[in-house]
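Content type PDB, N, CA and C atoms, from the file upload-v3.pdb:
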```pdb
ATOM      1  N   MET A   1       0.849  -1.170   0.000
ATOM      2  CA  MET A   1       0.000   0.000   0.000
ATOM      3  C   MET A   1       0.898   1.236   0.000
ATOM      4  N   SER A   2       0.596   2.181  -0.893
ATOM      5  CA  SER A   2       1.431   3.365  -0.997
ATOM      6  C   SER A   2       1.176   4.327   0.163
ATOM      7  N   LYS A   3       2.091   5.253   0.327
ATOM      8  CA  LYS A   3       1.985   6.231   1.404
ATOM      9  C   LYS A   3       0.742   7.106   1.219
ATOM     10  N   ASN A   4       0.465   7.525  -0.021
ATOM     11  CA  ASN A   4      -0.703   8.367  -0.290
ATOM     12  C   ASN A   4      -1.999   7.641   0.026
ATOM     13  N   LEU A   5      -2.060   6.364  -0.280
ATOM     14  CA  LEU A   5      -3.263   5.589   0.003
ATOM     15  C   LEU A   5      -3.459   5.426   1.512
ATOM     16  N   LYS A   6      -2.370   5.225   2.249
ATOM     17  CA  LYS A   6      -2.471   5.117   3.704
ATOM     18  C   LYS A   6      -2.971   6.415   4.315
ATOM     19  N   ILE A   7      -2.460   7.538   3.835
ATOM     20  CA  ILE A   7      -2.894   8.843   4.337
ATOM     21  C   ILE A   7      -4.360   9.070   3.996
ATOM     22  N   PHE A   8      -4.762   8.715   2.787
ATOM     23  CA  PHE A   8      -6.149   8.858   2.361
ATOM     24  C   PHE A   8      -7.072   8.012   3.232
ATOM     25  N   CYS A   9      -6.678   6.787   3.525
ATOM     26  CA  CYS A   9      -7.485   5.909   4.379
ATOM     27  C   CYS A   9      -7.578   6.457   5.798
ATOM     28  N   LEU A  10      -6.491   6.994   6.324
ATOM     29  CA  LEU A  10      -6.496   7.571   7.665
ATOM     30  C   LEU A  10      -7.430   8.781   7.735
ATOM     31  N   LYS A  11      -7.355   9.661   6.736
ATOM     32  CA  LYS A  11      -8.233  10.829   6.709
ATOM     33  C   LYS A  11      -9.695  10.416   6.600
ATOM     34  N   SER A  12      -9.977   9.412   5.791
ATOM     35  CA  SER A  12     -11.352   8.934   5.650
ATOM     36  C   SER A  12     -11.848   8.315   6.950
ATOM     37  N   PHE A  13     -10.983   7.583   7.639
ATOM     38  CA  PHE A  13     -11.340   6.994   8.924
ATOM     39  C   PHE A  13     -11.656   8.084   9.947
ATOM     40  N   LEU A  14     -10.831   9.131   9.996
ATOM     41  CA  LEU A  14     -11.078  10.248  10.909
ATOM     42  C   LEU A  14     -12.398  10.934  10.583
ATOM     43  N   ASN A  15     -12.703  11.036   9.304
ATOM     44  CA  ASN A  15     -13.968  11.615   8.852
ATOM     45  C   ASN A  15     -15.145  10.828   9.410
ATOM     46  N   VAL A  16     -15.091   9.518   9.302
ATOM     47  CA  VAL A  16     -16.179   8.656   9.768
ATOM     48  C   VAL A  16     -16.288   8.692  11.293
ATOM     49  N   VAL A  17     -15.172   8.691  11.999
ATOM     50  CA  VAL A  17     -15.191   8.730  13.469
ATOM     51  C   VAL A  17     -15.811  10.038  13.956
ATOM     52  N   ALA A  18     -15.414  11.165  13.366
ATOM     53  CA  ALA A  18     -15.969  12.460  13.774
ATOM     54  C   ALA A  18     -17.467  12.508  13.505
ATOM     55  N   LEU A  19     -17.878  12.007  12.363
ATOM     56  CA  LEU A  19     -19.300  11.991  12.024
ATOM     57  C   LEU A  19     -20.084  11.102  12.981
ATOM     58  N   CYS A  20     -19.530   9.941  13.324
ATOM     59  CA  CYS A  20     -20.207   9.029  14.268
ATOM     60  C   CYS A  20     -20.314   9.634  15.664
ATOM     61  N   LEU A  21     -19.269  10.331  16.124
ATOM     62  CA  LEU A  21     -19.332  10.995  17.427
ATOM     63  C   LEU A  21     -20.442  12.038  17.453
ATOM     64  N   PHE A  22     -20.531  12.826  16.394
ATOM     65  CA  PHE A  22     -21.562  13.854  16.322
ATOM     66  C   PHE A  22     -22.959  13.233  16.311
ATOM     67  N   LEU A  23     -23.145  12.209  15.489
ATOM     68  CA  LEU A  23     -24.463  11.569  15.413
ATOM     69  C   LEU A  23     -24.826  10.865  16.720
ATOM     70  N   ALA A  24     -23.850  10.221  17.352
ATOM     71  CA  ALA A  24     -24.112   9.571  18.648
ATOM     72  C   ALA A  24     -24.473  10.610  19.704
ATOM     73  N   GLY A  25     -23.810  11.750  19.685
ATOM     74  CA  GLY A  25     -24.153  12.824  20.613
ATOM     75  C   GLY A  25     -25.578  13.318  20.419
ATOM     76  N   ASN A  26     -26.021  13.380  19.175
ATOM     77  CA  ASN A  26     -27.397  13.798  18.906
ATOM     78  C   ASN A  26     -28.398  12.730  19.310
ATOM     79  N   ILE A  27     -28.076  11.486  19.083
ATOM     80  CA  ILE A  27     -28.990  10.388  19.436
ATOM     81  C   ILE A  27     -29.169  10.315  20.944
ATOM     82  N   TYR A  28     -28.069  10.418  21.690
ATOM     83  CA  TYR A  28     -28.117  10.286  23.148
ATOM     84  C   TYR A  28     -28.237  11.618  23.880
ATOM     85  N   SER A  29     -28.436  12.704  23.145
ATOM     86  CA  SER A  29     -28.565  14.058  23.722
ATOM     87  C   SER A  29     -27.389  14.408  24.626
ATOM     88  N   ASN A  30     -26.196  14.085  24.174
ATOM     89  CA  ASN A  30     -24.978  14.352  24.921
ATOM     90  C   ASN A  30     -24.270  15.545  24.286
ATOM     91  N   THR A  31     -24.323  16.685  24.947
ATOM     92  CA  THR A  31     -23.764  17.919  24.396
ATOM     93  C   THR A  31     -22.258  17.826  24.190
ATOM     94  N   ILE A  32     -21.568  17.148  25.078
ATOM     95  CA  ILE A  32     -20.108  17.025  24.957
ATOM     96  C   ILE A  32     -19.739  16.272  23.680
ATOM     97  N   LEU A  33     -20.435  15.155  23.403
ATOM     98  CA  LEU A  33     -20.166  14.411  22.166
ATOM     99  C   LEU A  33     -20.517  15.227  20.935
ATOM    100  N   ILE A  34     -21.580  16.014  21.014
ATOM    101  CA  ILE A  34     -21.969  16.862  19.886
ATOM    102  C   ILE A  34     -20.870  17.874  19.581
ATOM    103  N   ILE A  35     -20.358  18.516  20.613
ATOM    104  CA  ILE A  35     -19.325  19.536  20.415
ATOM    105  C   ILE A  35     -18.014  18.906  19.959
ATOM    106  N   ILE A  36     -17.627  17.785  20.559
ATOM    107  CA  ILE A  36     -16.383  17.113  20.149
ATOM    108  C   ILE A  36     -16.507  16.622  18.706
ATOM    109  N   GLY A  37     -17.609  15.941  18.395
ATOM    110  CA  GLY A  37     -17.805  15.420  17.038
ATOM    111  C   GLY A  37     -17.922  16.522  16.010
ATOM    112  N   GLY A  38     -18.671  17.588  16.332
ATOM    113  CA  GLY A  38     -18.821  18.707  15.399
ATOM    114  C   GLY A  38     -17.516  19.440  15.160
ATOM    115  N   SER A  39     -16.773  19.674  16.222
ATOM    116  CA  SER A  39     -15.468  20.335  16.079
ATOM    117  C   SER A  39     -14.500  19.459  15.291
ATOM    118  N   ALA A  40     -14.539  18.160  15.543
ATOM    119  CA  ALA A  40     -13.672  17.241  14.799
ATOM    120  C   ALA A  40     -14.057  17.204  13.324
ATOM    121  N   MET A  41     -15.358  17.294  13.017
ATOM    122  CA  MET A  41     -15.778  17.317  11.613
ATOM    123  C   MET A  41     -15.237  18.550  10.899
ATOM    124  N   ILE A  42     -15.281  19.697  11.580
ATOM    125  CA  ILE A  42     -14.742  20.917  10.982
ATOM    126  C   ILE A  42     -13.242  20.788  10.786
ATOM    127  N   LEU A  43     -12.544  20.261  11.790
ATOM    128  CA  LEU A  43     -11.104  20.061  11.684
ATOM    129  C   LEU A  43     -10.757  19.083  10.561
ATOM    130  N   VAL A  44     -11.508  17.998  10.467
ATOM    131  CA  VAL A  44     -11.268  17.003   9.414
ATOM    132  C   VAL A  44     -11.536  17.606   8.041
ATOM    133  N   SER A  45     -12.557  18.459   7.927
ATOM    134  CA  SER A  45     -12.811  19.072   6.621
ATOM    135  C   SER A  45     -11.663  19.991   6.221
ATOM    136  N   PHE A  46     -11.040  20.677   7.198
ATOM    137  CA  PHE A  46      -9.854  21.467   6.895
ATOM    138  C   PHE A  46      -8.694  20.575   6.473
ATOM    139  N   ILE A  47      -8.501  19.464   7.173
ATOM    140  CA  ILE A  47      -7.400  18.557   6.861
ATOM    141  C   ILE A  47      -7.613  17.884   5.511
ATOM    142  N   LEU A  48      -8.827  17.389   5.266
ATOM    143  CA  LEU A  48      -9.100  16.658   4.032
ATOM    144  C   LEU A  48      -9.062  17.546   2.801
ATOM    145  N   TYR A  49      -9.689  18.689   2.877
ATOM    146  CA  TYR A  49      -9.900  19.480   1.676
ATOM    147  C   TYR A  49      -9.126  20.783   1.669
ATOM    148  N   ARG A  50      -8.403  21.069   2.743
ATOM    149  CA  ARG A  50      -7.612  22.282   2.890
ATOM    150  C   ARG A  50      -8.454  23.540   2.696
ATOM    151  N   GLN A  51      -9.726  23.396   2.872
ATOM    152  CA  GLN A  51     -10.658  24.520   2.839
ATOM    153  C   GLN A  51     -11.921  24.084   3.557
ATOM    154  N   PHE A  52     -12.750  25.013   3.867
ATOM    155  CA  PHE A  52     -13.957  24.702   4.624
ATOM    156  C   PHE A  52     -15.166  24.795   3.721
ATOM    157  N   LEU A  53     -15.851  23.706   3.528
ATOM    158  CA  LEU A  53     -17.099  23.661   2.782
ATOM    159  C   LEU A  53     -16.996  24.390   1.450
ATOM    160  N   ASN A  54     -16.242  23.823   0.546
ATOM    161  CA  ASN A  54     -15.991  24.435  -0.752
ATOM    162  C   ASN A  54     -17.252  24.831  -1.519
ATOM    163  N   PRO A  55     -18.240  23.968  -1.693
ATOM    164  CA  PRO A  55     -19.403  24.404  -2.474
ATOM    165  C   PRO A  55     -20.185  25.489  -1.742
ATOM    166  N   LEU A  56     -20.667  26.457  -2.492
ATOM    167  CA  LEU A  56     -21.413  27.566  -1.916
ATOM    168  C   LEU A  56     -22.691  27.095  -1.245
ATOM    169  N   ILE A  57     -23.321  26.060  -1.779
ATOM    170  CA  ILE A  57     -24.573  25.570  -1.204
ATOM    171  C   ILE A  57     -24.367  25.083   0.233
ATOM    172  N   ALA A  58     -23.211  24.508   0.530
ATOM    173  CA  ALA A  58     -22.936  24.040   1.886
ATOM    174  C   ALA A  58     -22.797  25.216   2.850
ATOM    175  N   ILE A  59     -22.195  26.302   2.396
ATOM    176  CA  ILE A  59     -22.051  27.485   3.238
ATOM    177  C   ILE A  59     -23.415  28.120   3.490
ATOM    178  N   VAL A  60     -24.225  28.197   2.440
ATOM    179  CA  VAL A  60     -25.574  28.758   2.586
ATOM    180  C   VAL A  60     -26.400  27.901   3.545
ATOM    181  N   LEU A  61     -26.290  26.573   3.409
ATOM    182  CA  LEU A  61     -26.996  25.673   4.312
ATOM    183  C   LEU A  61     -26.541  25.870   5.755
ATOM    184  N   GLY A  62     -25.239  26.026   5.966
ATOM    185  CA  GLY A  62     -24.711  26.256   7.308
ATOM    186  C   GLY A  62     -25.240  27.532   7.924
ATOM    187  N   VAL A  63     -25.277  28.613   7.151
ATOM    188  CA  VAL A  63     -25.801  29.879   7.663
ATOM    189  C   VAL A  63     -27.298  29.752   7.957
ATOM    190  N   PHE A  64     -28.041  29.131   7.042
ATOM    191  CA  PHE A  64     -29.480  28.964   7.234
ATOM    192  C   PHE A  64     -29.785  28.138   8.482
ATOM    193  N   LEU A  65     -29.096  27.006   8.626
ATOM    194  CA  LEU A  65     -29.337  26.160   9.796
ATOM    195  C   LEU A  65     -28.899  26.832  11.093
ATOM    196  N   ALA A  66     -27.827  27.615  11.038
ATOM    197  CA  ALA A  66     -27.378  28.333  12.237
ATOM    198  C   ALA A  66     -28.406  29.367  12.674
ATOM    199  N   LEU A  67     -29.126  29.940  11.712
ATOM    200  CA  LEU A  67     -30.145  30.941  12.050
ATOM    201  C   LEU A  67     -31.408  30.322  12.631
ATOM    202  N   ILE A  68     -31.760  29.113  12.169
ATOM    203  CA  ILE A  68     -33.026  28.540  12.627
ATOM    204  C   ILE A  68     -32.882  27.561  13.776
ATOM    205  N   MET A  69     -31.675  27.080  14.037
ATOM    206  CA  MET A  69     -31.495  26.103  15.113
ATOM    207  C   MET A  69     -30.943  26.778  16.361
ATOM    208  N   SER A  70     -31.271  26.178  17.477
ATOM    209  CA  SER A  70     -30.771  26.692  18.744
ATOM    210  C   SER A  70     -30.096  25.544  19.484
ATOM    211  N   PRO A  71     -28.902  25.673  19.931
ATOM    212  CA  PRO A  71     -27.925  26.749  19.786
ATOM    213  C   PRO A  71     -27.407  26.832  18.349
ATOM    214  N   TRP A  72     -26.840  27.966  17.996
ATOM    215  CA  TRP A  72     -26.446  28.236  16.618
ATOM    216  C   TRP A  72     -25.406  27.246  16.091
ATOM    217  N   TYR A  73     -24.471  26.822  16.958
ATOM    218  CA  TYR A  73     -23.414  25.932  16.494
ATOM    219  C   TYR A  73     -23.959  24.574  16.069
ATOM    220  N   LEU A  74     -25.103  24.179  16.576
ATOM    221  CA  LEU A  74     -25.718  22.925  16.164
ATOM    222  C   LEU A  74     -26.077  22.958  14.676
ATOM    223  N   GLY A  75     -26.549  24.109  14.213
ATOM    224  CA  GLY A  75     -26.846  24.265  12.785
ATOM    225  C   GLY A  75     -25.607  24.158  11.920
ATOM    226  N   VAL A  76     -24.512  24.758  12.393
ATOM    227  CA  VAL A  76     -23.247  24.678  11.649
ATOM    228  C   VAL A  76     -22.760  23.229  11.610
ATOM    229  N   PHE A  77     -22.830  22.544  12.745
ATOM    230  CA  PHE A  77     -22.388  21.158  12.798
ATOM    231  C   PHE A  77     -23.242  20.271  11.893
ATOM    232  N   TRP A  78     -24.560  20.499  11.849
ATOM    233  CA  TRP A  78     -25.421  19.715  10.968
ATOM    234  C   TRP A  78     -25.081  19.963   9.506
ATOM    235  N   ALA A  79     -24.781  21.205   9.137
ATOM    236  CA  ALA A  79     -24.399  21.502   7.759
ATOM    237  C   ALA A  79     -23.107  20.780   7.387
ATOM    238  N   VAL A  80     -22.137  20.798   8.292
ATOM    239  CA  VAL A  80     -20.870  20.100   8.035
ATOM    240  C   VAL A  80     -21.103  18.593   7.951
ATOM    241  N   SER A  81     -21.961  18.057   8.812
ATOM    242  CA  SER A  81     -22.214  16.606   8.781
ATOM    243  C   SER A  81     -22.905  16.196   7.485
ATOM    244  N   ILE A  82     -23.834  17.006   6.998
ATOM    245  CA  ILE A  82     -24.489  16.694   5.720
ATOM    246  C   ILE A  82     -23.467  16.723   4.596
ATOM    247  N   TYR A  83     -22.586  17.713   4.614
ATOM    248  CA  TYR A  83     -21.528  17.814   3.606
ATOM    249  C   TYR A  83     -20.606  16.594   3.656
ATOM    250  N   LEU A  84     -20.199  16.184   4.854
ATOM    251  CA  LEU A  84     -19.298  15.038   4.978
ATOM    252  C   LEU A  84     -19.996  13.727   4.622
ATOM    253  N   MET A  85     -21.300  13.623   4.879
ATOM    254  CA  MET A  85     -22.036  12.416   4.463
ATOM    255  C   MET A  85     -22.026  12.280   2.955
ATOM    256  N   PHE A  86     -22.225  13.397   2.251
ATOM    257  CA  PHE A  86     -22.169  13.343   0.790
ATOM    258  C   PHE A  86     -20.764  13.020   0.300
ATOM    259  N   GLN A  87     -19.745  13.471   1.021
ATOM    260  CA  GLN A  87     -18.376  13.127   0.649
ATOM    261  C   GLN A  87     -18.122  11.626   0.797
ATOM    262  N   ILE A  88     -18.664  11.032   1.854
ATOM    263  CA  ILE A  88     -18.505   9.590   2.065
ATOM    264  C   ILE A  88     -19.231   8.820   0.969
ATOM    265  N   ILE A  89     -20.436   9.253   0.618
ATOM    266  CA  ILE A  89     -21.190   8.588  -0.445
ATOM    267  C   ILE A  89     -20.446   8.696  -1.771
ATOM    268  N   THR A  90     -19.903   9.868  -2.077
ATOM    269  CA  THR A  90     -19.133  10.053  -3.307
ATOM    270  C   THR A  90     -17.885   9.182  -3.305
ATOM    271  N   LEU A  91     -17.203   9.110  -2.167
ATOM    272  CA  LEU A  91     -16.011   8.268  -2.053
ATOM    273  C   LEU A  91     -16.349   6.808  -2.320
ATOM    274  N   LEU A  92     -17.406   6.304  -1.694
ATOM    275  CA  LEU A  92     -17.791   4.906  -1.895
ATOM    276  C   LEU A  92     -18.213   4.645  -3.334
ATOM    277  N   HIS A  93     -18.920   5.588  -3.925
ATOM    278  CA  HIS A  93     -19.329   5.433  -5.326
ATOM    279  C   HIS A  93     -18.106   5.343  -6.235
ATOM    280  N   ASN A  94     -17.157   6.268  -6.052
ATOM    281  CA  ASN A  94     -15.943   6.253  -6.871
ATOM    282  C   ASN A  94     -15.097   5.016  -6.617
ATOM    283  N   LEU A  95     -15.076   4.567  -5.390
ATOM    284  CA  LEU A  95     -14.269   3.409  -5.023
ATOM    285  C   LEU A  95     -14.759   2.150  -5.732
ATOM    286  N   PHE A  96     -16.079   2.001  -5.842
ATOM    287  CA  PHE A  96     -16.630   0.776  -6.409
ATOM    288  C   PHE A  96     -16.957   0.865  -7.891
ATOM    289  N   THR A  97     -17.013   2.057  -8.479
ATOM    290  CA  THR A  97     -17.372   2.151  -9.894
ATOM    291  C   THR A  97     -16.208   2.520 -10.797
ATOM    292  N   LYS A  98     -15.193   3.166 -10.267
ATOM    293  CA  LYS A  98     -14.043   3.556 -11.085
ATOM    294  C   LYS A  98     -12.854   2.685 -10.710
ATOM    295  N   PRO A  99     -12.404   1.828 -11.629
ATOM    296  CA  PRO A  99     -11.338   0.889 -11.278
ATOM    297  C   PRO A  99     -10.006   1.558 -10.939
ATOM    298  N   ASN A 100      -9.731   2.755 -11.427
ATOM    299  CA  ASN A 100      -8.440   3.403 -11.182
ATOM    300  C   ASN A 100      -8.529   4.510 -10.141
ATOM    301  N   PHE A 101      -9.593   4.522  -9.340
ATOM    302  CA  PHE A 101      -9.786   5.610  -8.389
ATOM    303  C   PHE A 101      -8.670   5.669  -7.359
ATOM    304  N   LEU A 102      -8.261   4.534  -6.822
ATOM    305  CA  LEU A 102      -7.191   4.494  -5.828
ATOM    306  C   LEU A 102      -5.957   3.809  -6.394
ATOM    307  N   LYS A 103      -5.585   4.193  -7.591
ATOM    308  CA  LYS A 103      -4.441   3.575  -8.240
ATOM    309  C   LYS A 103      -3.146   3.975  -7.528
ATOM    310  N   THR A 104      -2.359   2.999  -7.197
ATOM    311  CA  THR A 104      -1.073   3.227  -6.540
ATOM    312  C   THR A 104       0.033   2.671  -7.405
ATOM    313  N   ARG A 105       1.256   2.953  -7.022
ATOM    314  CA  ARG A 105       2.381   2.404  -7.792
ATOM    315  C   ARG A 105       2.437   0.890  -7.689
ATOM    316  N   PHE A 106       1.945   0.363  -6.594
ATOM    317  CA  PHE A 106       1.992  -1.093  -6.400
ATOM    318  C   PHE A 106       1.080  -1.818  -7.384
ATOM    319  N   ASN A 107      -0.130  -1.292  -7.603
ATOM    320  CA  ASN A 107      -1.057  -1.980  -8.477
ATOM    321  C   ASN A 107      -1.318  -1.229  -9.775
ATOM    322  N   SER A 108      -0.358  -0.472 -10.261
ATOM    323  CA  SER A 108      -0.546   0.360 -11.447
ATOM    324  C   SER A 108      -0.481  -0.431 -12.750
ATOM    325  N   ASN A 109      -0.160  -1.697 -12.707
ATOM    326  CA  ASN A 109      -0.057  -2.489 -13.956
ATOM    327  C   ASN A 109      -1.405  -2.869 -14.492
TER
END
```
For the structure just supplied, provide its representation as structure tokens.
Amino acid sequence: MSKNLKIFCLKSFLNVVALCLFLAGNIYSNTILIIIGGSAMILVSFILYRQFLNPLIAIVLGVFLALIMSPWYLGVFWAVSIYLMFQIITLLHNLFTKPNFLKTRFNSN
């Protein structure tokens, strides 16, 4: 396994862990898990994409949800979680439909 693939897998794993913490916090009404998971999702989005919520629709959704939800940060966290869920779905789709999606030097033949 190449170094880039290992880093990609680690980032994806962190993405899933942060999302699960946030969702578990919402299911069990645990504010600490919500804040830890939401903050980790924002941090992971910075690490993964080197920017925060690139598509404009995600930013608009975050602002809209922050205005209608109480406390405001819950709306931001929900917007980030929706964005990261779509990223996971896109990753899985590309992984299983495009044969060269994770092409490494080891299996490049």
Box centre and edge lengths (Å, one decimal), axis-aligned, range 17-24 of chain A plus 4 Å each side, as lines of an AutoDock Vina configuration file:
```
center_x = -20.0
center_y = 11.3
center_z = 15.9
size_x = 17.7
size_y = 13.2
size_z = 15.7
```
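The interatomic distance for the pair atom N of Cys20 in chain A and atom C of Ile89 in chain A works out to 15.2 Å.
Put simply, the PyMOL selection byres ((chain A and resi 34-42) around 5) in this file takes in Ala18, Leu21, Phe22, Gly25, Asn30, Thr31, Ile32, Leu33, Leu43, Val44, Ser45 and Phe46 of chain A.
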What lies within 12 Å of range 56-61 of chain A using only C-alpha atoms, ignoring chain neighbours under 4 positions off, as a PDB file with N, CA and C atoms, keeping the file's coordinate frame?
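The result, written out as selection-v4.pdb:
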```pdb
ATOM      1  N   GLN A  51      -9.726  23.396   2.872  1.00  0.00           N
ATOM      2  CA  GLN A  51     -10.658  24.520   2.839  1.00  0.00           C
ATOM      3  C   GLN A  51     -11.921  24.084   3.557  1.00  0.00           C
ATOM      4  N   PHE A  52     -12.750  25.013   3.867  1.00  0.00           N
ATOM      5  CA  PHE A  52     -13.957  24.702   4.624  1.00  0.00           C
ATOM      6  C   PHE A  52     -15.166  24.795   3.721  1.00  0.00           C
ATOM      7  N   LEU A  65     -29.096  27.006   8.626  1.00  0.00           N
ATOM      8  CA  LEU A  65     -29.337  26.160   9.796  1.00  0.00           C
ATOM      9  C   LEU A  65     -28.899  26.832  11.093  1.00  0.00           C
ATOM     10  N   ALA A  66     -27.827  27.615  11.038  1.00  0.00           N
ATOM     11  CA  ALA A  66     -27.378  28.333  12.237  1.00  0.00           C
ATOM     12  C   ALA A  66     -28.406  29.367  12.674  1.00  0.00           C
ATOM     13  N   LEU A  67     -29.126  29.940  11.712  1.00  0.00           N
ATOM     14  CA  LEU A  67     -30.145  30.941  12.050  1.00  0.00           C
ATOM     15  C   LEU A  67     -31.408  30.322  12.631  1.00  0.00           C
ATOM     16  N   ILE A  68     -31.760  29.113  12.169  1.00  0.00           N
ATOM     17  CA  ILE A  68     -33.026  28.540  12.627  1.00  0.00           C
ATOM     18  C   ILE A  68     -32.882  27.561  13.776  1.00  0.00           C
ATOM     19  N   MET A  69     -31.675  27.080  14.037  1.00  0.00           N
ATOM     20  CA  MET A  69     -31.495  26.103  15.113  1.00  0.00           C
ATOM     21  C   MET A  69     -30.943  26.778  16.361  1.00  0.00           C
ATOM     22  N   GLY A  75     -26.549  24.109  14.213  1.00  0.00           N
ATOM     23  CA  GLY A  75     -26.846  24.265  12.785  1.00  0.00           C
ATOM     24  C   GLY A  75     -25.607  24.158  11.920  1.00  0.00           C
ATOM     25  N   VAL A  76     -24.512  24.758  12.393  1.00  0.00           N
ATOM     26  CA  VAL A  76     -23.247  24.678  11.649  1.00  0.00           C
ATOM     27  C   VAL A  76     -22.760  23.229  11.610  1.00  0.00           C
ATOM     28  N   PHE A  77     -22.830  22.544  12.745  1.00  0.00           N
ATOM     29  CA  PHE A  77     -22.388  21.158  12.798  1.00  0.00           C
ATOM     30  C   PHE A  77     -23.242  20.271  11.893  1.00  0.00           C
ATOM     31  N   TRP A  78     -24.560  20.499  11.849  1.00  0.00           N
ATOM     32  CA  TRP A  78     -25.421  19.715  10.968  1.00  0.00           C
ATOM     33  C   TRP A  78     -25.081  19.963   9.506  1.00  0.00           C
ATOM     34  N   ALA A  79     -24.781  21.205   9.137  1.00  0.00           N
ATOM     35  CA  ALA A  79     -24.399  21.502   7.759  1.00  0.00           C
ATOM     36  C   ALA A  79     -23.107  20.780   7.387  1.00  0.00           C
ATOM     37  N   VAL A  80     -22.137  20.798   8.292  1.00  0.00           N
ATOM     38  CA  VAL A  80     -20.870  20.100   8.035  1.00  0.00           C
ATOM     39  C   VAL A  80     -21.103  18.593   7.951  1.00  0.00           C
ATOM     40  N   SER A  81     -21.961  18.057   8.812  1.00  0.00           N
ATOM     41  CA  SER A  81     -22.214  16.606   8.781  1.00  0.00           C
ATOM     42  C   SER A  81     -22.905  16.196   7.485  1.00  0.00           C
ATOM     43  N   ILE A  82     -23.834  17.006   6.998  1.00  0.00           N
ATOM     44  CA  ILE A  82     -24.489  16.694   5.720  1.00  0.00           C
ATOM     45  C   ILE A  82     -23.467  16.723   4.596  1.00  0.00           C
ATOM     46  N   TYR A  83     -22.586  17.713   4.614  1.00  0.00           N
ATOM     47  CA  TYR A  83     -21.528  17.814   3.606  1.00  0.00           C
ATOM     48  C   TYR A  83     -20.606  16.594   3.656  1.00  0.00           C
ATOM     49  N   LEU A  84     -20.199  16.184   4.854  1.00  0.00           N
ATOM     50  CA  LEU A  84     -19.298  15.038   4.978  1.00  0.00           C
ATOM     51  C   LEU A  84     -19.996  13.727   4.622  1.00  0.00           C
ATOM     52  N   MET A  85     -21.300  13.623   4.879  1.00  0.00           N
ATOM     53  CA  MET A  85     -22.036  12.416   4.463  1.00  0.00           C
ATOM     54  C   MET A  85     -22.026  12.280   2.955  1.00  0.00           C
ATOM     55  N   PHE A  86     -22.225  13.397   2.251  1.00  0.00           N
ATOM     56  CA  PHE A  86     -22.169  13.343   0.790  1.00  0.00           C
ATOM     57  C   PHE A  86     -20.764  13.020   0.300  1.00  0.00           C
ATOM     58  N   GLN A  87     -19.745  13.471   1.021  1.00  0.00           N
ATOM     59  CA  GLN A  87     -18.376  13.127   0.649  1.00  0.00           C
ATOM     60  C   GLN A  87     -18.122  11.626   0.797  1.00  0.00           C
TER      61      GLN A  87
END
```
Give the alpha helix (DSSP H) residues of range 19-93 of chain A, as DSSP finds them on the backbone, and put them as an MDAnalysis selection string. chainID A and resid 19:27 31:49 56:68 72:93
The distance between CA of Lys11 in chain A and atom N of Ala24 in chain A is 18.9 Å
